[in-house]
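Structure data (mmCIF, C-alpha atoms) from upload-v6.cif:
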data_work
loop_
_atom_site.group_PDB
_atom_site.id
_atom_site.type_symbol
_atom_site.label_atom_id
_atom_site.label_comp_id
_atom_site.auth_asym_id
_atom_site.auth_seq_id
_atom_site.Cartn_x
_atom_site.Cartn_y
_atom_site.Cartn_z
ATOM 1 C CA MET A 1 -67.240 130.237 59.953
ATOM 2 C CA SER A 2 -68.688 127.531 62.186
ATOM 3 C CA SER A 3 -70.083 125.814 59.051
ATOM 4 C CA ALA A 4 -66.553 125.648 57.630
ATOM 5 C CA LEU A 5 -65.275 124.163 60.903
ATOM 6 C CA LEU A 6 -68.208 121.747 60.882
ATOM 7 C CA VAL A 7 -67.313 120.435 57.405
ATOM 8 C CA LEU A 8 -63.594 120.359 58.296
ATOM 9 C CA SER A 9 -64.287 118.335 61.463
ATOM 10 C CA ALA A 10 -66.492 115.817 59.633
ATOM 11 C CA PHE A 11 -63.944 115.585 56.784
ATOM 12 C CA LEU A 12 -60.915 115.023 59.048
ATOM 13 C CA ALA A 13 -62.680 112.533 61.331
ATOM 14 C CA SER A 14 -63.988 110.650 58.314
ATOM 15 C CA ALA A 15 -60.568 110.692 56.578
ATOM 16 C CA VAL A 16 -58.723 109.177 59.520
ATOM 17 C CA GLU A 17 -61.397 106.531 60.177
ATOM 18 C CA THR A 18 -61.592 105.687 56.448
ATOM 19 C CA VAL A 19 -57.834 105.099 56.382
ATOM 20 C CA GLU A 20 -58.227 102.628 59.262
ATOM 21 C CA ALA A 21 -61.286 100.948 57.698
ATOM 22 C CA LEU A 22 -59.446 100.696 54.366
ATOM 23 C CA THR A 23 -56.620 98.759 56.054
ATOM 24 C CA ILE A 24 -59.109 96.192 57.406
ATOM 25 C CA VAL A 25 -60.965 95.864 54.074
ATOM 26 C CA LEU A 26 -57.614 95.434 52.277
ATOM 27 C CA ALA A 27 -56.587 92.674 54.702
ATOM 28 C CA ALA A 28 -59.976 90.965 54.272
ATOM 29 C CA GLY A 29 -59.773 91.276 50.479
ATOM 30 C CA VAL A 30 -56.187 90.057 50.115
ATOM 31 C CA ALA A 31 -56.574 87.142 52.556
ATOM 32 C CA ARG A 32 -60.196 86.047 51.995
ATOM 33 C CA GLY A 33 -61.152 87.323 48.523
ATOM 34 C CA TRP A 34 -62.545 90.617 47.279
ATOM 35 C CA ARG A 35 -66.132 89.402 46.855
ATOM 36 C CA SER A 36 -66.643 88.863 50.590
ATOM 37 C CA ALA A 37 -64.643 91.983 51.579
ATOM 38 C CA LEU A 38 -66.602 94.272 49.238
ATOM 39 C CA ALA A 39 -69.924 92.714 50.331
ATOM 40 C CA GLY A 40 -68.993 93.446 53.959
ATOM 41 C CA LEU A 41 -67.952 96.988 53.034
ATOM 42 C CA GLY A 42 -71.225 97.638 51.183
ATOM 43 C CA ALA A 43 -73.393 96.221 53.989
ATOM 44 C CA ALA A 44 -71.596 98.351 56.594
ATOM 45 C CA LEU A 45 -71.884 101.552 54.518
ATOM 46 C CA LEU A 46 -75.606 100.850 54.102
ATOM 47 C CA ALA A 47 -76.024 100.366 57.868
ATOM 48 C CA LEU A 48 -74.155 103.636 58.554
ATOM 49 C CA ALA A 49 -76.289 105.532 56.035
ATOM 50 C CA VAL A 50 -79.425 104.199 57.760
ATOM 51 C CA VAL A 51 -78.082 105.421 61.152
ATOM 52 C CA VAL A 52 -77.443 108.941 59.782
ATOM 53 C CA VAL A 53 -80.727 109.143 57.830
ATOM 54 C CA ALA A 54 -82.784 107.860 60.787
ATOM 55 C CA LEU A 55 -81.112 109.759 63.620
ATOM 56 C CA GLY A 56 -80.357 113.071 61.885
ATOM 57 C CA PRO A 57 -83.943 114.247 61.242
ATOM 58 C CA ALA A 58 -85.110 112.737 64.572
ATOM 59 C CA LEU A 59 -82.729 115.005 66.515
ATOM 60 C CA THR A 60 -83.831 118.159 64.694
ATOM 61 C CA VAL A 61 -87.228 118.062 66.487
ATOM 62 C CA VAL A 62 -85.470 118.502 69.875
ATOM 63 C CA PRO A 63 -85.387 122.169 71.044
ATOM 64 C CA LEU A 64 -82.029 123.710 70.037
ATOM 65 C CA ARG A 65 -80.908 124.648 73.557
ATOM 66 C CA ASP A 66 -81.594 121.136 74.931
ATOM 67 C CA LEU A 67 -79.956 119.601 71.869
ATOM 68 C CA ARG A 68 -76.820 121.732 72.285
ATOM 69 C CA LEU A 69 -76.612 120.831 75.970
ATOM 70 C CA PHE A 70 -76.954 117.097 75.284
ATOM 71 C CA VAL A 71 -74.817 116.975 72.128
ATOM 72 C CA GLY A 72 -72.226 119.356 73.608
ATOM 73 C CA ALA A 73 -71.816 117.146 76.691
ATOM 74 C CA LEU A 74 -71.532 114.012 74.537
ATOM 75 C CA LEU A 75 -69.035 115.660 72.166
ATOM 76 C CA LEU A 76 -66.997 116.897 75.104
ATOM 77 C CA VAL A 77 -66.742 113.432 76.698
ATOM 78 C CA PHE A 78 -66.134 111.824 73.296
ATOM 79 C CA GLY A 79 -63.665 114.502 72.142
ATOM 80 C CA LEU A 80 -61.647 114.332 75.360
ATOM 81 C CA GLN A 81 -61.090 110.613 74.640
ATOM 82 C CA TRP A 82 -59.608 111.474 71.240
ATOM 83 C CA LEU A 83 -57.554 114.349 72.636
ATOM 84 C CA ARG A 84 -56.215 112.358 75.598
ATOM 85 C CA LYS A 85 -54.982 109.554 73.330
ATOM 86 C CA ALA A 86 -53.499 112.066 70.854
ATOM 87 C CA ILE A 87 -51.606 113.902 73.619
ATOM 88 C CA LEU A 88 -50.350 110.607 75.079
ATOM 89 C CA ARG A 89 -49.076 109.626 71.601
ATOM 90 C CA ALA A 90 -47.471 113.023 70.972
ATOM 91 C CA ALA A 91 -45.780 112.986 74.396
ATOM 92 C CA GLY A 92 -44.397 109.463 73.898
ATOM 93 C CA PHE A 93 -46.582 107.626 76.423
ATOM 94 C CA LYS A 94 -48.545 105.683 73.819
ATOM 95 C CA ALA A 95 -47.357 103.994 70.630
ATOM 96 C CA LEU A 96 -48.048 105.896 67.405
ATOM 97 C CA HIS A 97 -50.688 104.350 65.183
ATOM 98 C CA ASP A 98 -48.884 102.251 62.542
ATOM 99 C CA GLU A 99 -51.133 101.286 59.611
ATOM 100 C CA GLN A 100 -48.558 98.812 58.190
ATOM 101 C CA ALA A 101 -48.391 96.952 61.504
ATOM 102 C CA VAL A 102 -52.200 96.865 61.773
ATOM 103 C CA PHE A 103 -52.418 95.528 58.202
ATOM 104 C CA ALA A 104 -49.868 92.773 58.917
ATOM 105 C CA HIS A 105 -51.733 91.792 62.107
ATOM 106 C CA GLU A 106 -55.155 91.695 60.391
ATOM 107 C CA LEU A 107 -53.706 89.791 57.423
ATOM 108 C CA GLU A 108 -52.180 87.143 59.676
ATOM 109 C CA GLY A 109 -55.467 86.678 61.543
ATOM 110 C CA ALA A 110 -57.504 86.498 58.331
ATOM 111 C CA ARG A 111 -55.171 83.960 56.707
ATOM 112 C CA GLY A 112 -55.267 81.696 59.734
ATOM 113 C CA ALA A 113 -59.060 81.604 60.116
ATOM 114 C CA ALA A 114 -61.112 78.629 58.908
ATOM 115 C CA GLY A 115 -63.200 79.101 55.752
ATOM 116 C CA VAL A 116 -67.004 78.997 56.102
ATOM 117 C CA GLU A 117 -69.229 79.997 53.198
ATOM 118 C CA ARG A 118 -72.606 81.619 53.824
ATOM 119 C CA ALA A 119 -74.898 83.293 51.287
ATOM 120 C CA GLY A 120 -72.239 82.756 48.633
ATOM 121 C CA VAL A 121 -69.488 84.692 50.402
ATOM 122 C CA ASP A 122 -66.607 83.793 52.690
ATOM 123 C CA TRP A 123 -68.141 84.559 56.081
ATOM 124 C CA TYR A 124 -64.901 85.491 57.859
ATOM 125 C CA GLY A 125 -63.931 87.967 55.134
ATOM 126 C CA PHE A 126 -67.451 89.443 55.104
ATOM 127 C CA THR A 127 -67.680 89.899 58.875
ATOM 128 C CA LEU A 128 -64.101 91.232 59.134
ATOM 129 C CA ALA A 129 -64.810 93.937 56.563
ATOM 130 C CA PHE A 130 -68.334 94.606 57.891
ATOM 131 C CA LYS A 131 -67.293 94.979 61.536
ATOM 132 C CA GLY A 132 -64.187 96.988 60.674
ATOM 133 C CA VAL A 133 -66.063 99.507 58.523
ATOM 134 C CA LEU A 134 -69.070 99.657 60.864
ATOM 135 C CA LEU A 135 -66.996 100.286 64.006
ATOM 136 C CA GLU A 136 -64.714 102.853 62.385
ATOM 137 C CA GLY A 137 -67.665 104.458 60.620
ATOM 138 C CA LEU A 138 -69.853 104.632 63.713
ATOM 139 C CA GLU A 139 -67.631 107.361 65.161
ATOM 140 C CA VAL A 140 -67.994 109.337 61.923
ATOM 141 C CA ALA A 141 -71.777 108.773 61.876
ATOM 142 C CA PHE A 142 -71.939 109.997 65.487
ATOM 143 C CA ILE A 143 -69.950 113.124 64.620
ATOM 144 C CA VAL A 144 -72.024 113.796 61.475
ATOM 145 C CA VAL A 145 -75.333 113.436 63.339
ATOM 146 C CA ALA A 146 -74.148 115.426 66.382
ATOM 147 C CA PHE A 147 -72.558 118.261 64.411
ATOM 148 C CA GLY A 148 -75.173 118.334 61.675
ATOM 149 C CA SER A 149 -78.235 118.374 63.947
ATOM 150 C CA THR A 150 -76.780 120.984 66.303
ATOM 151 C CA GLN A 151 -75.658 123.242 63.450
ATOM 152 C CA GLY A 152 -78.887 122.614 61.544
ATOM 153 C CA SER A 153 -77.301 120.886 58.562
ATOM 154 C CA VAL A 154 -76.856 117.106 58.640
ATOM 155 C CA PRO A 155 -76.406 117.028 54.810
ATOM 156 C CA LEU A 156 -73.470 119.489 55.038
ATOM 157 C CA ALA A 157 -71.695 117.397 57.685
ATOM 158 C CA ALA A 158 -72.502 114.200 55.741
ATOM 159 C CA ALA A 159 -71.053 115.781 52.575
ATOM 160 C CA GLY A 160 -67.786 116.571 54.393
ATOM 161 C CA ALA A 161 -67.563 112.978 55.649
ATOM 162 C CA ALA A 162 -68.528 111.484 52.268
ATOM 163 C CA LEU A 163 -65.890 113.574 50.459
ATOM 164 C CA ALA A 164 -63.200 112.080 52.727
ATOM 165 C CA VAL A 165 -64.514 108.527 52.107
ATOM 166 C CA VAL A 166 -64.396 109.088 48.313
ATOM 167 C CA LEU A 167 -60.902 110.666 48.374
ATOM 168 C CA VAL A 168 -59.332 108.095 50.715
ATOM 169 C CA GLY A 169 -61.152 105.250 48.927
ATOM 170 C CA ALA A 170 -59.888 106.440 45.515
ATOM 171 C CA VAL A 171 -56.302 106.659 46.752
ATOM 172 C CA GLY A 172 -56.666 103.228 48.397
ATOM 173 C CA VAL A 173 -57.919 101.657 45.149
ATOM 174 C CA ALA A 174 -55.052 103.334 43.252
ATOM 175 C CA VAL A 175 -52.218 102.187 45.520
ATOM 176 C CA ARG A 176 -53.828 98.940 46.821
ATOM 177 C CA ALA A 177 -51.890 99.211 50.075
ATOM 178 C CA PRO A 178 -52.471 100.623 53.559
ATOM 179 C CA LEU A 179 -52.147 104.417 53.524
ATOM 180 C CA ALA A 180 -49.254 104.510 55.967
ATOM 181 C CA ARG A 181 -48.100 107.962 54.817
ATOM 182 C CA VAL A 182 -51.302 109.715 55.886
ATOM 183 C CA PRO A 183 -50.377 111.689 59.042
ATOM 184 C CA GLU A 184 -53.029 109.880 61.095
ATOM 185 C CA ASN A 185 -51.682 110.885 64.495
ATOM 186 C CA ALA A 186 -51.664 114.581 63.586
ATOM 187 C CA ILE A 187 -55.184 114.333 62.105
ATOM 188 C CA LYS A 188 -56.448 112.572 65.243
ATOM 189 C CA PHE A 189 -54.956 115.379 67.317
ATOM 190 C CA ALA A 190 -56.809 117.945 65.182
ATOM 191 C CA VAL A 191 -60.089 116.022 65.418
ATOM 192 C CA GLY A 192 -59.700 115.751 69.199
ATOM 193 C CA VAL A 193 -59.177 119.525 69.414
ATOM 194 C CA LEU A 194 -62.203 120.270 67.206
ATOM 195 C CA LEU A 195 -64.541 117.829 68.996
ATOM 196 C CA THR A 196 -63.512 119.190 72.400
ATOM 197 C CA SER A 197 -63.867 122.811 71.244
ATOM 198 C CA PHE A 198 -67.321 122.279 69.721
ATOM 199 C CA GLY A 199 -68.285 120.352 72.887
ATOM 200 C CA ILE A 200 -67.223 123.267 75.134
ATOM 201 C CA PHE A 201 -68.974 125.800 72.904
ATOM 202 C CA TRP A 202 -72.298 123.985 72.528
ATOM 203 C CA ALA A 203 -72.456 122.610 76.074
ATOM 204 C CA GLY A 204 -71.810 126.170 77.310
ATOM 205 C CA GLU A 205 -74.590 127.574 75.128
ATOM 206 C CA GLY A 206 -76.934 124.802 76.239
ATOM 207 C CA ALA A 207 -76.123 125.627 79.890
ATOM 208 C CA GLY A 208 -77.079 129.272 79.359
ATOM 209 C CA VAL A 209 -73.696 130.834 78.520
ATOM 210 C CA ARG A 210 -73.693 133.877 76.211
ATOM 211 C CA TRP A 211 -70.259 133.718 74.559
ATOM 212 C CA PRO A 212 -68.499 137.071 74.093
ATOM 213 C CA GLY A 213 -68.486 137.745 70.336
ATOM 214 C CA SER A 214 -71.234 135.154 69.767
ATOM 215 C CA ASP A 215 -70.249 132.462 67.185
ATOM 216 C CA ALA A 216 -66.797 134.020 66.703
ATOM 217 C CA ALA A 217 -65.974 132.815 70.229
ATOM 218 C CA LEU A 218 -65.738 129.287 68.794
ATOM 219 C CA LEU A 219 -62.454 130.247 67.105
ATOM 220 C CA ALA A 220 -61.118 131.555 70.424
ATOM 221 C CA VAL A 221 -62.137 128.271 72.117
ATOM 222 C CA VAL A 222 -60.351 126.283 69.370
ATOM 223 C CA ALA A 223 -57.228 128.456 69.800
ATOM 224 C CA PHE A 224 -57.358 127.990 73.577
ATOM 225 C CA VAL A 225 -57.706 124.183 73.312
ATOM 226 C CA VAL A 226 -54.849 124.034 70.748
ATOM 227 C CA ALA A 227 -52.582 126.114 72.999
ATOM 228 C CA ALA A 228 -53.489 124.181 76.157
ATOM 229 C CA SER A 229 -52.961 120.830 74.386
ATOM 230 C CA GLY A 230 -49.582 122.021 73.129
ATOM 231 C CA VAL A 231 -48.559 123.031 76.653
ATOM 232 C CA LEU A 232 -49.691 119.628 77.981
ATOM 233 C CA VAL A 233 -47.648 117.792 75.319
ATOM 234 C CA VAL A 234 -44.521 119.855 76.088
ATOM 235 C CA ARG A 235 -44.954 119.424 79.835
ATOM 236 C CA LEU A 236 -45.566 115.656 79.618
ATOM 237 C CA ARG A 237 -42.599 115.213 77.257
ATOM 238 C CA ARG A 238 -40.375 117.113 79.697
ATOM 239 C CA ASP A 239 -41.652 115.129 82.698
ATOM 240 C CA ARG A 240 -41.646 111.766 80.887
ATOM 241 C CA PRO A 241 -38.371 110.407 82.354
ATOM 242 C CA ARG A 242 -39.390 111.399 85.893
ATOM 243 C CA LEU A 243 -42.925 109.998 85.525
ATOM 244 C CA LEU A 244 -41.654 106.717 84.084
ATOM 245 C CA ALA A 245 -39.085 106.442 86.921
ATOM 246 C CA LEU A 246 -41.861 107.017 89.488
ATOM 247 C CA GLU A 247 -43.963 104.362 87.775
ATOM 248 C CA ALA A 248 -41.025 101.897 87.839
ATOM 249 C CA ASP A 249 -40.501 102.486 91.582
ATOM 250 C CA ALA A 250 -44.191 102.006 92.431
ATOM 251 C CA MET B 1 -79.772 89.595 79.077
ATOM 252 C CA SER B 2 -76.106 89.135 78.192
ATOM 253 C CA ARG B 3 -76.746 90.696 74.761
ATOM 254 C CA ILE B 4 -78.347 93.740 76.375
ATOM 255 C CA ALA B 5 -75.395 94.002 78.772
ATOM 256 C CA ALA B 6 -72.953 93.690 75.857
ATOM 257 C CA PHE B 7 -74.889 96.373 73.965
ATOM 258 C CA GLY B 8 -74.739 98.688 76.987
ATOM 259 C CA ARG B 9 -71.023 97.974 77.482
ATOM 260 C CA PHE B 10 -70.336 98.770 73.833
ATOM 261 C CA TRP B 11 -72.035 102.184 73.997
ATOM 262 C CA TRP B 12 -70.456 102.979 77.371
ATOM 263 C CA GLY B 13 -67.021 102.194 75.938
ATOM 264 C CA PHE B 14 -67.833 104.068 72.719
ATOM 265 C CA VAL B 15 -68.849 107.334 74.382
ATOM 266 C CA VAL B 16 -67.200 107.312 77.823
ATOM 267 C CA GLY B 17 -64.133 105.151 77.136
ATOM 268 C CA ASP B 18 -61.751 103.934 79.811
ATOM 269 C CA ASP B 19 -61.898 106.980 82.109
ATOM 270 C CA TRP B 20 -65.395 107.493 83.535
ATOM 271 C CA THR B 21 -64.156 110.166 85.941
ATOM 272 C CA THR B 22 -63.690 112.560 82.997
ATOM 273 C CA ALA B 23 -67.341 112.048 82.027
ATOM 274 C CA VAL B 24 -68.396 112.771 85.629
ATOM 275 C CA ALA B 25 -66.213 115.906 85.667
ATOM 276 C CA VAL B 26 -67.750 117.111 82.381
ATOM 277 C CA VAL B 27 -71.306 116.618 83.701
ATOM 278 C CA ALA B 28 -70.408 118.412 86.970
ATOM 279 C CA LEU B 29 -68.835 121.345 85.084
ATOM 280 C CA ILE B 30 -71.805 121.750 82.757
ATOM 281 C CA GLY B 31 -74.145 121.535 85.779
ATOM 282 C CA SER B 32 -72.128 124.233 87.562
ATOM 283 C CA THR B 33 -72.262 126.478 84.465
ATOM 284 C CA ASP B 34 -76.031 125.958 84.261
ATOM 285 C CA ALA B 35 -76.453 126.734 87.989
ATOM 286 C CA LEU B 36 -74.436 129.960 87.615
ATOM 287 C CA ALA B 37 -76.539 130.945 84.580
ATOM 288 C CA HIS B 38 -79.691 130.526 86.715
ATOM 289 C CA ASP B 39 -78.120 132.967 89.202
ATOM 290 C CA ALA B 40 -77.657 135.431 86.310
ATOM 291 C CA VAL B 41 -73.886 134.782 86.112
ATOM 292 C CA ASN B 42 -72.662 134.461 82.522
ATOM 293 C CA ALA B 43 -69.962 131.868 83.292
ATOM 294 C CA TRP B 44 -68.387 131.637 79.804
ATOM 295 C CA TRP B 45 -64.964 131.652 81.483
ATOM 296 C CA LEU B 46 -65.590 128.434 83.474
ATOM 297 C CA LEU B 47 -65.746 125.585 80.963
ATOM 298 C CA PRO B 48 -62.570 126.091 78.838
ATOM 299 C CA PRO B 49 -59.964 126.113 81.664
ATOM 300 C CA ALA B 50 -61.900 123.583 83.770
ATOM 301 C CA VAL B 51 -62.098 121.138 80.846
ATOM 302 C CA VAL B 52 -58.330 121.471 80.322
ATOM 303 C CA ALA B 53 -57.799 120.773 84.044
ATOM 304 C CA ALA B 54 -60.010 117.655 83.757
ATOM 305 C CA LEU B 55 -57.992 116.601 80.691
ATOM 306 C CA TYR B 56 -54.718 117.027 82.571
ATOM 307 C CA ALA B 57 -56.028 114.931 85.495
ATOM 308 C CA SER B 58 -57.150 112.252 83.037
ATOM 309 C CA LEU B 59 -53.710 112.237 81.374
ATOM 310 C CA ARG B 60 -51.998 111.779 84.733
ATOM 311 C CA ARG B 61 -54.297 108.850 85.559
ATOM 312 C CA ALA B 62 -53.612 107.269 82.153
ATOM 313 C CA ILE B 63 -49.845 107.570 82.701
ATOM 314 C CA ARG B 64 -50.063 106.037 86.190
ATOM 315 C CA ARG B 65 -52.000 103.014 84.847
#
Go ahead and express the file in the form of structure tokens.
Amino acid sequence: MSSALLVLSAFLASAVETVEALTIVLAAGVARGWRSALAGLGAALLALAVVVVALGPALTVVPLRDLRLFVGALLLVFGLQWLRKAILRAAGFKALHDEQAVFAHELEGARGAAGVERAGVDWYGFTLAFKGVLLEGLEVAFIVVAFGSTQGSVPLAAAGAALAVVLVGAVGVAVRAPLARVPENAIKFAVGVLLTSFGIFWAGEGAGVRWPGSDAALLAVVAFVVAASGVLVVRLRRDRPRLLALEADA
Amino acid sequence: MSRIAAFGRFWWGFVVGDDWTTAVAVVALIGSTDALAHDAVNAWWLLPPAVVAALYASLRRAIRR
């Protein structure tokens, strides 16, 4: 069961980050040429693969309890960032992520930048695609390494992430436009819930907790985090006018 | 030196984000769970509600900003 959740988490996190990376690569390709954009994409994917291949096996030599404590704490801090932003978006306190608007913004910036050629490619297009893919992908690499090493299967987590990259990439090549219809905000909410739940579960185990029902308790933790997040969204939505009025008075 | 500082800032922002108090709360909660386990208390009930409380406090701070 936890292996299925592991693959699902890696897949969803990778899907949402790939959608965002695709938007940046598309903007770089359309504005600066596909040669430089694809070179940047390839270089970033190579760098991410090196991170996963180097860090994954290195973490497996750490004793499992220490690893779960460390990785659980990191996932919890990291996951709470995702969940906080997702709840703020769902409750109307933060703008929803709009892939079309991001594409237009990146396109405008890329078209206005001066052209400098290095190593046979347009340097702005290369670095735009490279940085975009590397930064979006770093979160996925972190999740793959953290989940995979703690669960004892980096390849399984990497396969879940790679499947999302292939699927989103194929759709992106087919439509040649930002994937604005992908429910990114809902997926980010789900990823935030899963990261936070795994963080609670593993950090607890690392701190000496024996969960009732053993691994099956993970599902109960996920259900609890989903329910609590839902309550927080409803409560913040209800209190939004009052909170905004208080903020305006301050 | 500035490159090292920028590198540190990047990783701080990447993992901790814009609310360091949540990270401190998480470390304190895990430490408390560990301390209870050393006293033979199986505190499985502590982390889930306490993490949600830390999340709620973080949300309120984000809204006030």
Specify as JSON, numbers by chain each residue included when the PyMOL selection byres ((chain A) within 10 of (chain B)) is applied to this file.
-> {"A": [69, 72, 73, 74, 75, 76, 77, 78, 79, 80, 81, 82, 83, 84, 85, 87, 88, 93, 94, 135, 138, 139, 142, 196, 197, 199, 200, 201, 203, 204, 205, 206, 207, 208, 209, 210, 211, 212, 217, 221, 222, 224, 225, 228, 229, 232, 236, 240, 243, 244, 246, 247, 250]}
d(atom CA of A:Pro57, atom CA of B:Arg9) in Å |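 One can read the atom CA of A:Pro57 to atom CA of B:Arg9 distance as 26.4 Å.
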12 Å contact set for stretch 117-128 of chain A, all atoms listed in the file, chain neighbours under 5 positions out, as a PyMOL selection string | chain A and resi 21-44+106-107+109-112+133-135
Could you please determine the separation between atom CA of A:Pro155 and atom CA of A:Gly172 in Å, to one decimal place?
-> 24.9 Å
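In this model, the gap between atom CA of A:Asn185 and atom CA of A:Glu136 comes to 15.5 Å.
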May I have the centre and edge lengths, in Å to one decimal, of an axis-aligned box around the listed atoms of stretch 20-31 of chain B with 3 Å added to every side, as lines of an AutoDock Vina configuration file?
center_x = -68.9
center_y = 114.6
center_z = 84.5
size_x = 16.5
size_y = 20.3
size_z = 10.9
Proximity to A:Ala91 - best of A:Val191, A:Val231, A:Ala223, A:Ile143, all atoms listed in the file = A:Val231
Kindly reconstruct stretch 15-30 of chain A with N, CA and C atoms and present the result as a CSV table (one decimal), in the coordinates of the input.
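And here is the file that came out, rebuild39.csv:
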chain,number,residue,atom,x,y,z
A,15,ALA,N,-61.8,111.1,57.3
A,15,ALA,CA,-60.6,110.7,56.6
A,15,ALA,C,-59.8,109.7,57.4
A,16,VAL,N,-59.6,110.0,58.7
A,16,VAL,CA,-58.7,109.2,59.5
A,16,VAL,C,-59.4,107.8,59.8
A,17,GLU,N,-60.7,107.8,59.9
A,17,GLU,CA,-61.4,106.5,60.2
A,17,GLU,C,-61.5,105.7,58.9
A,18,THR,N,-61.6,106.4,57.7
A,18,THR,CA,-61.6,105.7,56.4
A,18,THR,C,-60.2,105.0,56.2
A,19,VAL,N,-59.2,105.7,56.5
A,19,VAL,CA,-57.8,105.1,56.4
A,19,VAL,C,-57.8,103.8,57.2
A,20,GLU,N,-58.3,103.8,58.4
A,20,GLU,CA,-58.2,102.6,59.3
A,20,GLU,C,-59.2,101.5,58.7
A,21,ALA,N,-60.3,101.9,58.3
A,21,ALA,CA,-61.3,100.9,57.7
A,21,ALA,C,-60.7,100.3,56.4
A,22,LEU,N,-60.0,101.2,55.6
A,22,LEU,CA,-59.4,100.7,54.4
A,22,LEU,C,-58.4,99.6,54.6
A,23,THR,N,-57.6,99.8,55.7
A,23,THR,CA,-56.6,98.8,56.1
A,23,THR,C,-57.3,97.4,56.3
A,24,ILE,N,-58.4,97.4,57.1
A,24,ILE,CA,-59.1,96.2,57.4
A,24,ILE,C,-59.7,95.6,56.2
A,25,VAL,N,-60.3,96.4,55.3
A,25,VAL,CA,-61.0,95.9,54.1
A,25,VAL,C,-59.9,95.3,53.2
A,26,LEU,N,-58.7,96.0,53.1
A,26,LEU,CA,-57.6,95.4,52.3
A,26,LEU,C,-57.2,94.1,52.8
A,27,ALA,N,-57.0,94.0,54.1
A,27,ALA,CA,-56.6,92.7,54.7
A,27,ALA,C,-57.6,91.6,54.4
A,28,ALA,N,-58.9,91.9,54.5
A,28,ALA,CA,-60.0,91.0,54.3
A,28,ALA,C,-60.0,90.6,52.8
A,29,GLY,N,-59.8,91.6,51.9
A,29,GLY,CA,-59.8,91.3,50.5
A,29,GLY,C,-58.6,90.4,50.0
A,30,VAL,N,-57.4,90.8,50.5
A,30,VAL,CA,-56.2,90.1,50.1
A,30,VAL,C,-56.2,88.6,50.7
